[in-house]
Amino acid sequence: MKIELAKSAGFCFGVSRAVDLINSLLEQNVKVCTLGPVIHNPQVVSGLEERGALIIASPQDASEGSVVVIRSHGVAKCVYDDLSSRGQSFTDATCPYVSKIHNIVSGTINAGATVLIAGDPTHPEVEGIKGHCQGKVYVFNDIVWLKKLTEENPQLKTERVIVVAQTTFDTDEWDICNEFVKKVYTNAIVFDTICSATSIRQQEAKELAARSDIMIIVGSRHSSNTQKLYAICSRLCASYHVEGADELPLERIKKASLIGVTAGASTPAFIIKEVLNAMSGLDNIEEEDFDFATALEMSFKTLSTDERVIGIVAAVSSNEVQVDLGIKYAGFIPANEMTDDPLIKLDQMVKVGDEIELVVLRVNDQDGTVMLSKKKVDAIKSWDDIVKAADDGSIIEGIVTDVIKGGVLVAVHGLKVFVPASQSGVARNDSLDALLKKPIKMKIIEVDTGRRRAVGSIRALQKDERKILSDKFWSDIEVGRDFTGKVKSLTVYGAFIDLGGVDGMVHISELSWAKIKHPSEVLTVGDNVRVYVKDLNTETKKVSLGYRDKGENPWTTFTDKFNVGDVVDAKIVNFMPFGSFAQIIPGIDGLIHISQISEKRVAKPQDVLKLGEIVKAKIIEINEDKKRISLSMTEAAGGQINEDELGENHAAEGEQIVAPEADELGENV
Ligand code: F3S
């Protein structure tokens, strides 16, 4: 036969704290009155009574000069008021998990809301919670009760409702009720207030019961959490609820192969020990299979600040991770002690059951809690990585957490590395705020091992990365190859494109088939663009790029569509002393020589034409080589060429016709 004791059997920290508080008052010879039995355990209660602790039902029963102890279950607000109005000294041993519920139901945000409490309506904890509510209160003990309550009070579905649970409520039943609440009470705000000590204990009991032949649950029959443990275990195997060793059904359990033992939060260690000792007298027990001494010793172990411990993740919420340290203290890691990365959710970092290495930050004996840090452990490991990176140039990743004078701070697993502005990779006039909260990679360029300080450089890494990309670019680049690049900057003569490690330039004349005055008419810094290599110089490492779509060449469109002799509608776009340029299609202008404007003599084109005016003009010449088109309004109108004007004003043969805006092109295109 094997006997296995659940890790969390016995006093929880809330009960320990209350009992320790009374013991300490008694040791100081203080007259102690407890408002009701301090815990649901007759042996402990009578032990305290024997030492002078008096159990009273209400503040008015307190003996003169005594200190009233409020037990871990907590009390209603009116009890505090009563104690204060009487000037009665009191000390509050309400478990922090219970106080949290009082705060929720009485908080200003929830004031006036209807409160639904999942719990035993006769339990003192639930009575206390009710006494802190400011609006209507309903209590339900299970899903059947909740459904009935909903049927009888249909108006609740539309009211502002908050739902809380007694700290020791059955976690499985809570999940079922919660599902129902979510479906039916669409306005409800649900607070999972089952204490972690309870959920851990119930989970352990469930796991142990699932693999045991018999479960023994030790604790008072009045103890709510012990009753819950019994209910949970009996669903999974034959279970016996005993208050002490004398109630053990020894005959019935002696044939079992594995007996699991758990105990309620108010069951003292000595009773558990008596139960275990009684079972150890059974035939064939394999004593070596359970080490009660070690288990007990562990459960009472205390911790000190900076101690390294291993914790098993018991629960993960949005703002903390709760861990089981195998001792009576409840361990928790606040979110900011898990990571510096504000983007990572805690449930992405750890899951229930994970084993993590931690450092103790603070032990709170009053609350029975231990605040822990994972970040600190990570920081120790992280420093070793940083020193190594400074030596071998390896890459370090981190999150930018602060912009400070002269640079940024990067969090690297709990350590901060300073990156000067000049090493940030951000342009001189740009704000470093763009890096804030962003994950970055960097090289470590300086470490001070004595002061554990490090300086990083994002730029050094970017430089290395660009060098690799640049080498690759020049190793297989060729004219005509297409690239996707990012517009890095614009100047009057073109746009610089980052091709990834190498910058190339698109000349302004290559940006558009139409005439443009500035690259910003076509591109914006930051645009991703498709370009192709027009020309390369491997010596000077210069790359000329093309951007215009060859398929959209307007000259091709023009020659496909028009021939000499066609009459077109052309738009007057520019005046010269010798004639006027007119747009035939976007990107293609033809010249109407001054002699071709009218049969009459024209002194200046603008005397008879207006910019933007649409005129009928005949195509009288198409020069494929020079990409020039000559137009004639006179011929379109059926008239003759004015030879006089032609002789006087026509550009000499071979003379370049240059319009001011067309100087890049030197042609009609
Ligand atoms: Fe407190 Fe939970 Fe114990 S509420 S008293 S720690 S069972």
# chains A, B, ... in the order shown; residues from 1 in each chain; ligands from 1
>>> residues_near_ligand(ligand="ligand 1", cutoff="10 Å", atoms="only C-alpha atoms and all ligand atoms", output="PyMOL selection string")
chain A and resi 10-18+39+71-74+93-101+125+166-169+193-199+201+224-226+264-266+328-330+367-369
>>> write_last_selection(atoms="C-alpha atoms", output="tab-separated table (two decimals), in the first residue's frame")
chain	number	residue	atom	x	y	z
A	10	GLY	CA	-3.46	21.62	5.96
A	11	PHE	CA	-3.41	25.26	7.02
A	12	CYS	CA	-3.57	27.83	4.27
A	13	PHE	CA	-1.72	31.08	4.82
A	14	GLY	CA	-4.93	32.93	5.75
A	15	VAL	CA	-5.67	30.50	8.57
A	16	SER	CA	-2.02	30.33	9.66
A	17	ARG	CA	-1.93	34.09	9.84
A	18	ALA	CA	-5.06	34.28	12.01
A	39	ILE	CA	-11.24	28.41	12.44
A	71	ARG	CA	-11.16	35.94	12.01
A	72	SER	CA	-9.99	35.12	8.49
A	73	HIS	CA	-13.59	34.78	7.19
A	74	GLY	CA	-14.07	38.53	7.65
A	93	ALA	CA	-7.13	38.84	10.64
A	94	THR	CA	-9.47	38.87	7.62
A	95	CYS	CA	-7.73	36.94	4.87
A	96	PRO	CA	-6.53	39.33	2.13
A	97	TYR	CA	-8.46	37.25	-0.43
A	98	VAL	CA	-11.67	37.94	1.49
A	99	SER	CA	-10.83	41.64	1.95
A	100	LYS	CA	-10.42	41.84	-1.81
A	101	ILE	CA	-14.04	40.71	-2.24
A	125	GLU	CA	-17.57	34.58	4.92
A	166	GLN	CA	-16.83	32.68	-1.88
A	167	THR	CA	-13.06	32.11	-1.69
A	168	THR	CA	-13.52	28.38	-1.17
A	169	PHE	CA	-16.20	27.81	-3.82
A	193	THR	CA	-12.49	35.55	-6.34
A	194	ILE	CA	-11.77	31.93	-5.49
A	195	CYS	CA	-8.46	32.14	-3.64
A	196	SER	CA	-5.42	30.59	-5.26
A	197	ALA	CA	-4.79	28.46	-2.16
A	198	THR	CA	-8.24	26.95	-2.71
A	199	SER	CA	-7.88	26.40	-6.43
A	201	ARG	CA	-5.67	22.61	-3.21
A	224	SER	CA	-16.61	24.69	3.87
A	225	ASN	CA	-13.39	24.08	1.97
A	226	THR	CA	-13.01	20.58	3.47
A	264	GLY	CA	-8.88	21.34	4.58
A	265	ALA	CA	-7.33	24.76	5.06
A	266	SER	CA	-8.24	24.74	8.76
A	328	LYS	CA	2.75	27.48	3.23
A	329	TYR	CA	3.34	30.88	1.60
A	330	ALA	CA	1.55	31.79	-1.60
A	367	ASP	CA	-0.33	38.17	4.41
A	368	GLY	CA	1.49	34.87	4.01
A	369	THR	CA	2.66	35.87	0.55
>>> residues_around(residues="Val387 of chain A", least_positions_apart="2", cutoff="9 Å", atoms="only C-alpha atoms", output="list in words")
Ser382, Trp383, Asp384, Asp385, Ala389, Ala390, Asp391, Asp392, Ile444, Glu446, Val447, Thr449 and Ala454 of chain A
>>> select_by_dssp(residues="segment 456-496 of chain A", states="strand (DSSP E or B)", output="list in words")
Gly456, Ser457, Asp482, Phe483, Thr484, Gly485, Lys486, Val487, Lys488, Ser489, Leu490, Thr491, Gly494, Ala495 and Phe496 of chain A
>>> write_last_selection(atoms="C-alpha atoms", output="JSON list (two decimals), in the first residue's frame")
[["chain", "number", "residue", "atom", "x", "y", "z"],
["A", 456, "GLY", "CA", 24.77, 48.91, -27.39],
["A", 457, "SER", "CA", 24.66, 49.94, -31.02],
["A", 482, "ASP", "CA", 13.65, 44.39, -61.38],
["A", 483, "PHE", "CA", 13.71, 45.35, -57.70],
["A", 484, "THR", "CA", 11.25, 46.46, -55.06],
["A", 485, "GLY", "CA", 12.75, 49.26, -53.03],
["A", 486, "LYS", "CA", 11.78, 51.96, -50.60],
["A", 487, "VAL", "CA", 11.93, 55.66, -51.47],
["A", 488, "LYS", "CA", 14.60, 57.02, -49.15],
["A", 489, "SER", "CA", 14.83, 60.67, -50.22],
["A", 490, "LEU", "CA", 13.82, 63.06, -53.01],
["A", 491, "THR", "CA", 15.90, 65.80, -54.64],
["A", 494, "GLY", "CA", 15.52, 62.50, -58.82],
["A", 495, "ALA", "CA", 14.63, 59.96, -56.13],
["A", 496, "PHE", "CA", 16.96, 57.75, -54.09]]
>>> select_by_dssp(residues="segment 132-277 of chain A", states="alpha helix (DSSP H)", output="number ranges by chain")
A: 143-152, 171-184, 196-211, 224-234, 250-253, 269-277
>>> residues_around(residues="Ala113 of chain A", least_positions_apart="4", cutoff="10 Å", atoms="only C-alpha atoms", output="tab-separated table (two decimals) with N, CA, C and O atoms, in the first residue's frame")
chain	number	residue	atom	x	y	z
A	105	VAL	N	-17.12	44.54	-3.85
A	105	VAL	CA	-18.58	44.78	-3.75
A	105	VAL	C	-18.91	46.16	-3.19
A	105	VAL	O	-20.00	46.68	-3.40
A	106	SER	N	-17.94	46.75	-2.45
A	106	SER	CA	-18.25	48.06	-1.86
A	106	SER	C	-17.59	49.19	-2.63
A	106	SER	O	-17.80	50.36	-2.33
A	108	THR	N	-16.45	52.06	-5.29
A	108	THR	CA	-17.32	53.10	-5.86
A	108	THR	C	-17.81	52.71	-7.26
A	108	THR	O	-18.92	53.02	-7.64
A	109	ILE	N	-16.95	52.01	-8.02
A	109	ILE	CA	-17.36	51.67	-9.39
A	109	ILE	C	-18.57	50.73	-9.35
A	109	ILE	O	-19.48	50.81	-10.16
A	133	CYS	N	-22.04	44.83	0.75
A	133	CYS	CA	-22.72	45.21	-0.49
A	133	CYS	C	-23.61	46.42	-0.24
A	133	CYS	O	-24.17	46.58	0.85
A	134	GLN	N	-23.72	47.24	-1.25
A	134	GLN	CA	-24.54	48.45	-1.06
A	134	GLN	C	-25.88	48.36	-1.77
A	134	GLN	O	-26.77	49.16	-1.53
A	135	GLY	N	-26.04	47.41	-2.68
A	135	GLY	CA	-27.31	47.27	-3.38
A	135	GLY	C	-27.94	45.91	-3.05
A	135	GLY	O	-27.70	45.34	-1.98
A	136	LYS	N	-28.71	45.39	-4.02
A	136	LYS	CA	-29.37	44.10	-3.79
A	136	LYS	C	-28.34	42.97	-3.87
A	136	LYS	O	-27.37	43.06	-4.61
A	137	VAL	N	-28.58	41.90	-3.08
A	137	VAL	CA	-27.64	40.77	-3.06
A	137	VAL	C	-28.41	39.47	-3.21
A	137	VAL	O	-29.48	39.30	-2.60
A	159	GLU	N	-30.25	44.26	-15.33
A	159	GLU	CA	-29.67	45.16	-14.33
A	159	GLU	C	-28.14	45.12	-14.39
A	159	GLU	O	-27.56	44.24	-15.01
A	160	ARG	N	-27.53	46.12	-13.73
A	160	ARG	CA	-26.07	46.10	-13.62
A	160	ARG	C	-25.70	45.09	-12.54
A	160	ARG	O	-26.07	45.26	-11.38
A	161	VAL	N	-25.08	44.01	-12.95
A	161	VAL	CA	-24.84	42.89	-12.02
A	161	VAL	C	-23.34	42.62	-11.92
A	161	VAL	O	-22.63	42.65	-12.91
A	162	ILE	N	-22.87	42.37	-10.68
A	162	ILE	CA	-21.51	41.85	-10.56
A	162	ILE	C	-21.58	40.50	-9.85
A	162	ILE	O	-22.47	40.26	-9.03
A	163	VAL	N	-20.68	39.63	-10.22
A	163	VAL	CA	-20.70	38.27	-9.67
A	163	VAL	C	-19.36	38.00	-9.00
A	163	VAL	O	-18.30	38.24	-9.60
A	188	ALA	N	-23.26	41.54	-16.99
A	188	ALA	CA	-22.59	41.20	-15.73
A	188	ALA	C	-21.07	41.36	-15.83
A	188	ALA	O	-20.47	41.12	-16.86
A	189	ILE	N	-20.49	41.79	-14.70
A	189	ILE	CA	-19.03	41.79	-14.59
A	189	ILE	C	-18.70	40.68	-13.59
A	189	ILE	O	-19.22	40.67	-12.47
>>> atom_distance(atom1="atom CA of Ser394 of chain A", atom2="atom CA of Val417 of chain A")
14.9 Å
>>> atom_distance(atom1="atom CA of Gln423 of chain A", atom2="atom CA of Gly504 of chain A")
24.4 Å
>>> residues_around(residues="Leu325 of chain A", least_positions_apart="2", cutoff="7 Å", atoms="only C-alpha atoms", output="mmCIF file with all heavy atoms, in the first residue's frame")
data_model
loop_
_atom_site.group_PDB
_atom_site.id
_atom_site.type_symbol
_atom_site.label_atom_id
_atom_site.label_comp_id
_atom_site.auth_asym_id
_atom_site.auth_seq_id
_atom_site.Cartn_x
_atom_site.Cartn_y
_atom_site.Cartn_z
ATOM 1 N N ILE A 310 12.490 27.565 -6.828
ATOM 2 C CA ILE A 310 11.792 27.058 -8.007
ATOM 3 C C ILE A 310 10.300 27.106 -7.691
ATOM 4 O O ILE A 310 9.869 26.677 -6.623
ATOM 5 C CB ILE A 310 12.191 25.590 -8.297
ATOM 6 C CG1 ILE A 310 13.694 25.467 -8.556
ATOM 7 C CG2 ILE A 310 11.368 25.025 -9.455
ATOM 8 C CD1 ILE A 310 14.150 25.982 -9.896
ATOM 9 N N GLY A 311 9.520 27.646 -8.598
ATOM 10 C CA GLY A 311 8.071 27.688 -8.399
ATOM 11 C C GLY A 311 7.368 26.959 -9.529
ATOM 12 O O GLY A 311 7.853 26.930 -10.661
ATOM 13 N N ILE A 312 6.235 26.365 -9.200
ATOM 14 C CA ILE A 312 5.414 25.729 -10.237
ATOM 15 C C ILE A 312 4.232 26.664 -10.491
ATOM 16 O O ILE A 312 3.535 27.044 -9.545
ATOM 17 C CB ILE A 312 4.849 24.362 -9.769
ATOM 18 C CG1 ILE A 312 5.929 23.490 -9.157
ATOM 19 C CG2 ILE A 312 4.080 23.675 -10.894
ATOM 20 C CD1 ILE A 312 6.799 22.775 -10.121
ATOM 21 N N VAL A 323 2.445 31.179 -8.125
ATOM 22 C CA VAL A 323 3.252 29.960 -8.171
ATOM 23 C C VAL A 323 3.169 29.204 -6.853
ATOM 24 O O VAL A 323 2.990 29.793 -5.790
ATOM 25 C CB VAL A 323 4.740 30.258 -8.481
ATOM 26 C CG1 VAL A 323 4.944 30.659 -9.916
ATOM 27 C CG2 VAL A 323 5.326 31.267 -7.541
ATOM 28 N N ILE A 327 5.531 25.450 -0.110
ATOM 29 C CA ILE A 327 5.550 25.862 1.290
ATOM 30 C C ILE A 327 4.219 26.531 1.605
ATOM 31 O O ILE A 327 3.374 26.683 0.729
ATOM 32 C CB ILE A 327 6.712 26.841 1.582
ATOM 33 C CG1 ILE A 327 6.577 28.079 0.691
ATOM 34 C CG2 ILE A 327 8.047 26.181 1.361
ATOM 35 C CD1 ILE A 327 7.552 29.174 1.037
ATOM 36 N N GLY A 331 3.052 32.184 -3.450
ATOM 37 C CA GLY A 331 4.004 32.970 -4.238
ATOM 38 C C GLY A 331 3.319 33.658 -5.393
ATOM 39 O O GLY A 331 2.405 33.105 -6.001
#
>>> residues_around(residues="Ile458 of chain A", least_positions_apart="2", cutoff="10 Å", atoms="only C-alpha atoms", output="number ranges by chain")
A: 395-396, 419-426, 440-445, 456, 460-463
>>> closest_residue(among="A:Ala434, A:Ala514, A:Ala427, A:Val45", to="Val403 of chain A", atoms="only C-alpha atoms")
A:Ala434
>>> atom_distance(atom1="atom CA of Arg628 of chain A", atom2="atom CA of Val602 of chain A")
22.9 Å
